[in-house]
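Okay, data_18.csv now, which holds CSV, N, CA and C atoms:
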chain,number,residue,atom,x,y,z
A,970,MET,N,-2.3,5.9,10.4
A,970,MET,CA,-3.0,4.7,10.1
A,970,MET,C,-2.9,3.8,11.4
A,971,ASP,N,-4.0,3.2,11.7
A,971,ASP,CA,-4.1,2.4,12.9
A,971,ASP,C,-3.2,1.1,12.7
A,972,LYS,N,-2.4,0.8,13.7
A,972,LYS,CA,-1.5,-0.3,13.6
A,972,LYS,C,-2.2,-1.6,13.5
A,973,ALA,N,-3.4,-1.8,14.2
A,973,ALA,CA,-4.1,-3.0,14.1
A,973,ALA,C,-4.7,-3.2,12.7
A,974,LEU,N,-5.1,-2.2,12.0
A,974,LEU,CA,-5.6,-2.3,10.6
A,974,LEU,C,-4.5,-2.6,9.7
A,975,LEU,N,-3.3,-2.0,9.9
A,975,LEU,CA,-2.2,-2.3,9.0
A,975,LEU,C,-1.8,-3.8,9.2
A,976,ASP,N,-1.9,-4.3,10.4
A,976,ASP,CA,-1.5,-5.7,10.6
A,976,ASP,C,-2.4,-6.7,9.9
A,977,ILE,N,-3.6,-6.4,9.6
A,977,ILE,CA,-4.5,-7.3,9.0
A,977,ILE,C,-4.7,-7.1,7.5
A,978,LEU,N,-4.2,-5.9,7.0
A,978,LEU,CA,-4.3,-5.7,5.5
A,978,LEU,C,-3.2,-6.5,4.8
A,979,ALA,N,-3.6,-6.9,3.6
A,979,ALA,CA,-2.7,-7.6,2.7
A,979,ALA,C,-2.8,-7.1,1.3
A,980,CYS,N,-1.8,-7.2,0.5
A,980,CYS,CA,-1.9,-6.8,-0.9
A,980,CYS,C,-3.0,-7.6,-1.6
A,981,PRO,N,-3.9,-7.0,-2.3
A,981,PRO,CA,-5.0,-7.7,-3.0
A,981,PRO,C,-4.5,-8.5,-4.2
A,982,SER,N,-3.3,-8.2,-4.6
A,982,SER,CA,-2.8,-8.9,-5.8
A,982,SER,C,-2.0,-10.2,-5.4
A,983,CYS,N,-1.1,-10.1,-4.4
A,983,CYS,CA,-0.2,-11.2,-4.1
A,983,CYS,C,-0.5,-11.7,-2.6
A,984,LYS,N,-1.3,-11.0,-1.9
A,984,LYS,CA,-1.6,-11.3,-0.5
A,984,LYS,C,-0.4,-11.1,0.4
A,985,GLY,N,0.6,-10.4,0.0
A,985,GLY,CA,1.8,-10.1,0.8
A,985,GLY,C,1.6,-8.9,1.7
A,986,ASN,N,2.6,-8.7,2.6
A,986,ASN,CA,2.6,-7.6,3.5
A,986,ASN,C,2.7,-6.2,2.8
A,987,LEU,N,2.2,-5.2,3.5
A,987,LEU,CA,2.2,-3.9,3.0
A,987,LEU,C,3.0,-3.0,3.9
A,988,ASP,N,3.6,-2.0,3.3
A,988,ASP,CA,4.3,-0.9,4.1
A,988,ASP,C,3.6,0.4,4.0
A,989,TYR,N,3.5,1.1,5.1
A,989,TYR,CA,2.7,2.4,5.1
A,989,TYR,C,3.7,3.5,4.9
A,990,ASN,N,3.4,4.4,4.0
A,990,ASN,CA,4.2,5.6,3.8
A,990,ASN,C,3.4,6.8,4.1
A,991,LYS,N,3.6,7.3,5.3
A,991,LYS,CA,2.7,8.4,5.9
A,991,LYS,C,2.8,9.6,5.0
A,992,SER,N,4.0,10.0,4.6
A,992,SER,CA,4.2,11.3,3.8
A,992,SER,C,3.5,11.2,2.5
A,993,GLN,N,3.4,10.1,1.9
A,993,GLN,CA,2.7,10.0,0.6
A,993,GLN,C,1.3,9.4,0.7
A,994,GLN,N,0.9,9.1,1.9
A,994,GLN,CA,-0.5,8.6,2.2
A,994,GLN,C,-0.8,7.4,1.3
A,995,GLU,N,0.1,6.4,1.4
A,995,GLU,CA,-0.2,5.2,0.6
A,995,GLU,C,0.4,3.9,1.2
A,996,LEU,N,-0.1,2.8,0.9
A,996,LEU,CA,0.4,1.5,1.3
A,996,LEU,C,1.1,0.9,0.1
A,997,SER,N,2.3,0.4,0.3
A,997,SER,CA,3.0,-0.2,-0.8
A,997,SER,C,3.3,-1.7,-0.6
A,998,CYS,N,3.3,-2.4,-1.7
A,998,CYS,CA,3.7,-3.8,-1.7
A,998,CYS,C,5.0,-3.9,-2.4
A,999,PRO,N,6.1,-4.3,-1.6
A,999,PRO,CA,7.4,-4.4,-2.3
A,999,PRO,C,7.5,-5.6,-3.3
A,1000,GLN,N,6.7,-6.6,-3.1
A,1000,GLN,CA,6.7,-7.7,-4.0
A,1000,GLN,C,6.1,-7.4,-5.4
A,1001,CYS,N,5.0,-6.8,-5.3
A,1001,CYS,CA,4.3,-6.4,-6.6
A,1001,CYS,C,4.7,-5.1,-7.2
A,1002,ARG,N,5.4,-4.3,-6.3
A,1002,ARG,CA,5.8,-2.9,-6.6
A,1002,ARG,C,4.6,-2.1,-7.0
A,1003,LEU,N,3.5,-2.2,-6.2
A,1003,LEU,CA,2.3,-1.4,-6.3
A,1003,LEU,C,2.1,-0.5,-5.1
A,1004,ALA,N,1.6,0.6,-5.2
A,1004,ALA,CA,1.2,1.5,-4.1
A,1004,ALA,C,-0.3,1.8,-4.1
A,1005,TYR,N,-0.9,1.6,-3.0
A,1005,TYR,CA,-2.4,1.8,-2.9
A,1005,TYR,C,-2.6,3.1,-2.1
A,1006,PRO,N,-3.4,4.0,-2.6
A,1006,PRO,CA,-3.7,5.2,-1.9
A,1006,PRO,C,-4.5,5.1,-0.6
A,1007,VAL,N,-4.2,6.0,0.3
A,1007,VAL,CA,-5.0,6.1,1.5
A,1007,VAL,C,-5.7,7.4,1.5
A,1008,ARG,N,-7.0,7.4,1.4
A,1008,ARG,CA,-7.8,8.7,1.3
A,1008,ARG,C,-8.6,8.8,2.6
A,1009,ASP,N,-8.5,9.9,3.3
A,1009,ASP,CA,-9.2,10.2,4.5
A,1009,ASP,C,-9.1,9.0,5.5
A,1010,ASP,N,-7.9,8.5,5.6
A,1010,ASP,CA,-7.5,7.4,6.5
A,1010,ASP,C,-8.2,6.1,6.2
A,1011,ILE,N,-8.6,6.0,4.9
A,1011,ILE,CA,-9.2,4.7,4.4
A,1011,ILE,C,-8.4,4.2,3.3
A,1012,PRO,N,-7.8,3.0,3.4
A,1012,PRO,CA,-7.0,2.4,2.3
A,1012,PRO,C,-7.9,2.0,1.2
A,1013,VAL,N,-7.5,2.4,0.0
A,1013,VAL,CA,-8.2,2.0,-1.2
A,1013,VAL,C,-7.5,0.8,-1.8
A,1014,MET,N,-8.0,-0.4,-1.5
A,1014,MET,CA,-7.3,-1.6,-1.9
A,1014,MET,C,-7.8,-2.2,-3.2
A,1015,LEU,N,-7.8,-1.4,-4.2
A,1015,LEU,CA,-8.2,-1.8,-5.6
A,1015,LEU,C,-7.0,-1.7,-6.5
A,1016,THR,N,-6.7,-2.8,-7.2
A,1016,THR,CA,-5.6,-2.8,-8.1
A,1016,THR,C,-5.7,-1.7,-9.2
A,1017,ASP,N,-7.0,-1.4,-9.6
A,1017,ASP,CA,-7.2,-0.4,-10.6
A,1017,ASP,C,-6.8,1.0,-10.1
A,1018,GLU,N,-6.8,1.2,-8.8
A,1018,GLU,CA,-6.4,2.5,-8.2
A,1018,GLU,C,-5.0,2.6,-7.8
A,1019,ALA,N,-4.3,1.5,-7.8
A,1019,ALA,CA,-2.8,1.4,-7.4
A,1019,ALA,C,-2.0,2.0,-8.5
A,1020,ARG,N,-0.8,2.5,-8.1
A,1020,ARG,CA,0.2,3.0,-9.0
A,1020,ARG,C,1.4,2.1,-8.9
A,1021,SER,N,2.1,2.0,-10.0
A,1021,SER,CA,3.3,1.2,-10.0
A,1021,SER,C,4.5,2.0,-9.4
A,1022,LEU,N,5.2,1.3,-8.6
A,1022,LEU,CA,6.4,2.0,-8.0
A,1022,LEU,C,7.6,1.8,-9.0
A,1023,ASP,N,8.3,2.9,-9.1
A,1023,ASP,CA,9.5,2.8,-10.0
A,1023,ASP,C,10.7,2.3,-9.2
A,1024,LYS,N,11.7,2.0,-9.9
A,1024,LYS,CA,12.9,1.3,-9.3
A,1024,LYS,C,13.6,2.2,-8.3
A,1025,THR,N,13.4,3.5,-8.3
A,1025,THR,CA,14.1,4.4,-7.4
A,1025,THR,C,13.4,4.5,-6.1
A,1026,GLU,N,12.1,4.1,-6.0
A,1026,GLU,CA,11.3,4.1,-4.8
A,1026,GLU,C,11.6,2.9,-4.0
A,1027,GLU,N,12.0,3.1,-2.7
A,1027,GLU,CA,12.3,2.0,-1.8
A,1027,GLU,C,11.6,2.3,-0.5
A,1028,GLN,N,11.0,1.2,0.1
A,1028,GLN,CA,10.4,1.4,1.4
A,1028,GLN,C,11.2,0.8,2.5
Can the structure from this file be put into structure tokens for me?
Amino acid sequence: MDKALLDILACPSCKGNLDYNKSQQELSCPQCRLAYPVRDDIPVMLTDEARSLDKTEEQ
């Protein structure tokens, strides 16, 4: 994922910073505990498409 793109993206729910997990191809918000998928290098920033992070997942 392009660093410049990652710097301008924010969580659509809380507007907080996102962390990129390359191995799982997703952007996660530690505040909301949501993970947004990245498909074909395009972040899908829709809360309906996000999955909830469980307590064992840490970024």
Can you list, as a ChimeraX atom specification, every protein, DNA or RNA residue that comes within 10 Å of A:Leu978 when you count only C-alpha atoms, leaving out same-chain residues fewer than 4 positions away? /A:973-974,984-988,996,1012,1014
N, CA and C atoms of the current selection, written as an mmCIF file, keeping the file's coordinate frame:
data_model
loop_
_atom_site.group_PDB
_atom_site.id
_atom_site.type_symbol
_atom_site.label_atom_id
_atom_site.label_comp_id
_atom_site.auth_asym_id
_atom_site.auth_seq_id
_atom_site.Cartn_x
_atom_site.Cartn_y
_atom_site.Cartn_z
ATOM 1 N N ALA A 973 -3.400 -1.800 14.200
ATOM 2 C CA ALA A 973 -4.100 -3.000 14.100
ATOM 3 C C ALA A 973 -4.700 -3.200 12.700
ATOM 4 N N LEU A 974 -5.100 -2.200 12.000
ATOM 5 C CA LEU A 974 -5.600 -2.300 10.600
ATOM 6 C C LEU A 974 -4.500 -2.600 9.700
ATOM 7 N N LYS A 984 -1.300 -11.000 -1.900
ATOM 8 C CA LYS A 984 -1.600 -11.300 -0.500
ATOM 9 C C LYS A 984 -0.400 -11.100 0.400
ATOM 10 N N GLY A 985 0.600 -10.400 0.000
ATOM 11 C CA GLY A 985 1.800 -10.100 0.800
ATOM 12 C C GLY A 985 1.600 -8.900 1.700
ATOM 13 N N ASN A 986 2.600 -8.700 2.600
ATOM 14 C CA ASN A 986 2.600 -7.600 3.500
ATOM 15 C C ASN A 986 2.700 -6.200 2.800
ATOM 16 N N LEU A 987 2.200 -5.200 3.500
ATOM 17 C CA LEU A 987 2.200 -3.900 3.000
ATOM 18 C C LEU A 987 3.000 -3.000 3.900
ATOM 19 N N ASP A 988 3.600 -2.000 3.300
ATOM 20 C CA ASP A 988 4.300 -0.900 4.100
ATOM 21 C C ASP A 988 3.600 0.400 4.000
ATOM 22 N N LEU A 996 -0.100 2.800 0.900
ATOM 23 C CA LEU A 996 0.400 1.500 1.300
ATOM 24 C C LEU A 996 1.100 0.900 0.100
ATOM 25 N N PRO A 1012 -7.800 3.000 3.400
ATOM 26 C CA PRO A 1012 -7.000 2.400 2.300
ATOM 27 C C PRO A 1012 -7.900 2.000 1.200
ATOM 28 N N MET A 1014 -8.000 -0.400 -1.500
ATOM 29 C CA MET A 1014 -7.300 -1.600 -1.900
ATOM 30 C C MET A 1014 -7.800 -2.200 -3.200
#
Between atom CA of A:Leu1015 and atom C of A:Ile977, what is the distance, to one decimal in Å?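 For atom CA of A:Leu1015 relative to atom C of A:Ile977, the distance reads 14.6 Å.
Distance check against A:Ala1019 using only C-alpha atoms: of A:Gln1000, A:Asp971, A:Asn990, A:Cys980, the minimum falls on A:Cys980.
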I need the helix (DSSP H, G or I) residues of chain A per DSSP on the backbone, written as a VMD selection string. chain A and resid 972 to 977
For the residues in that selection, give me N, CA and C atoms as a PDB file, in the frame of the given file.
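Output below, filename result.pdb:
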ATOM      1  N   LYS A 972      -2.400   0.800  13.700  1.00  0.00           N
ATOM      2  CA  LYS A 972      -1.500  -0.300  13.600  1.00  0.00           C
ATOM      3  C   LYS A 972      -2.200  -1.600  13.500  1.00  0.00           C
ATOM      4  N   ALA A 973      -3.400  -1.800  14.200  1.00  0.00           N
ATOM      5  CA  ALA A 973      -4.100  -3.000  14.100  1.00  0.00           C
ATOM      6  C   ALA A 973      -4.700  -3.200  12.700  1.00  0.00           C
ATOM      7  N   LEU A 974      -5.100  -2.200  12.000  1.00  0.00           N
ATOM      8  CA  LEU A 974      -5.600  -2.300  10.600  1.00  0.00           C
ATOM      9  C   LEU A 974      -4.500  -2.600   9.700  1.00  0.00           C
ATOM     10  N   LEU A 975      -3.300  -2.000   9.900  1.00  0.00           N
ATOM     11  CA  LEU A 975      -2.200  -2.300   9.000  1.00  0.00           C
ATOM     12  C   LEU A 975      -1.800  -3.800   9.200  1.00  0.00           C
ATOM     13  N   ASP A 976      -1.900  -4.300  10.400  1.00  0.00           N
ATOM     14  CA  ASP A 976      -1.500  -5.700  10.600  1.00  0.00           C
ATOM     15  C   ASP A 976      -2.400  -6.700   9.900  1.00  0.00           C
ATOM     16  N   ILE A 977      -3.600  -6.400   9.600  1.00  0.00           N
ATOM     17  CA  ILE A 977      -4.500  -7.300   9.000  1.00  0.00           C
ATOM     18  C   ILE A 977      -4.700  -7.100   7.500  1.00  0.00           C
TER      19      ILE A 977
END
From the options A:Cys983, A:Leu1022, A:Leu975, A:Met970, which residue's atoms come nearest to A:Leu1003, counting only N, CA and C atoms?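 That would be A:Leu1022, the residue with the smallest distance to A:Leu1003.
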How far is it from atom N of A:Gln994 to atom CA of A:Arg1008, in Å with one decimal? 8.7 Å
Expected answer as a PyMOL selection string: strand (DSSP E) residues in chain A: chain A and resi 988-990+995-998+1003-1008+1011-1012+1020-1021
What is the atom CA of A:Lys1024-atom CA of A:Ile1011 distance in Å, reported with one decimal?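 Taking atom CA of A:Lys1024 as the start and atom CA of A:Ile1011 as the end point, the length is 26.2 Å.
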Spatial neighbours of A:Arg1002, max dist 7 Å, only N, CA and C atoms, sep filter under 5 positions, as an MDAnalysis selection string: chainID A and resid 997 1020:1023
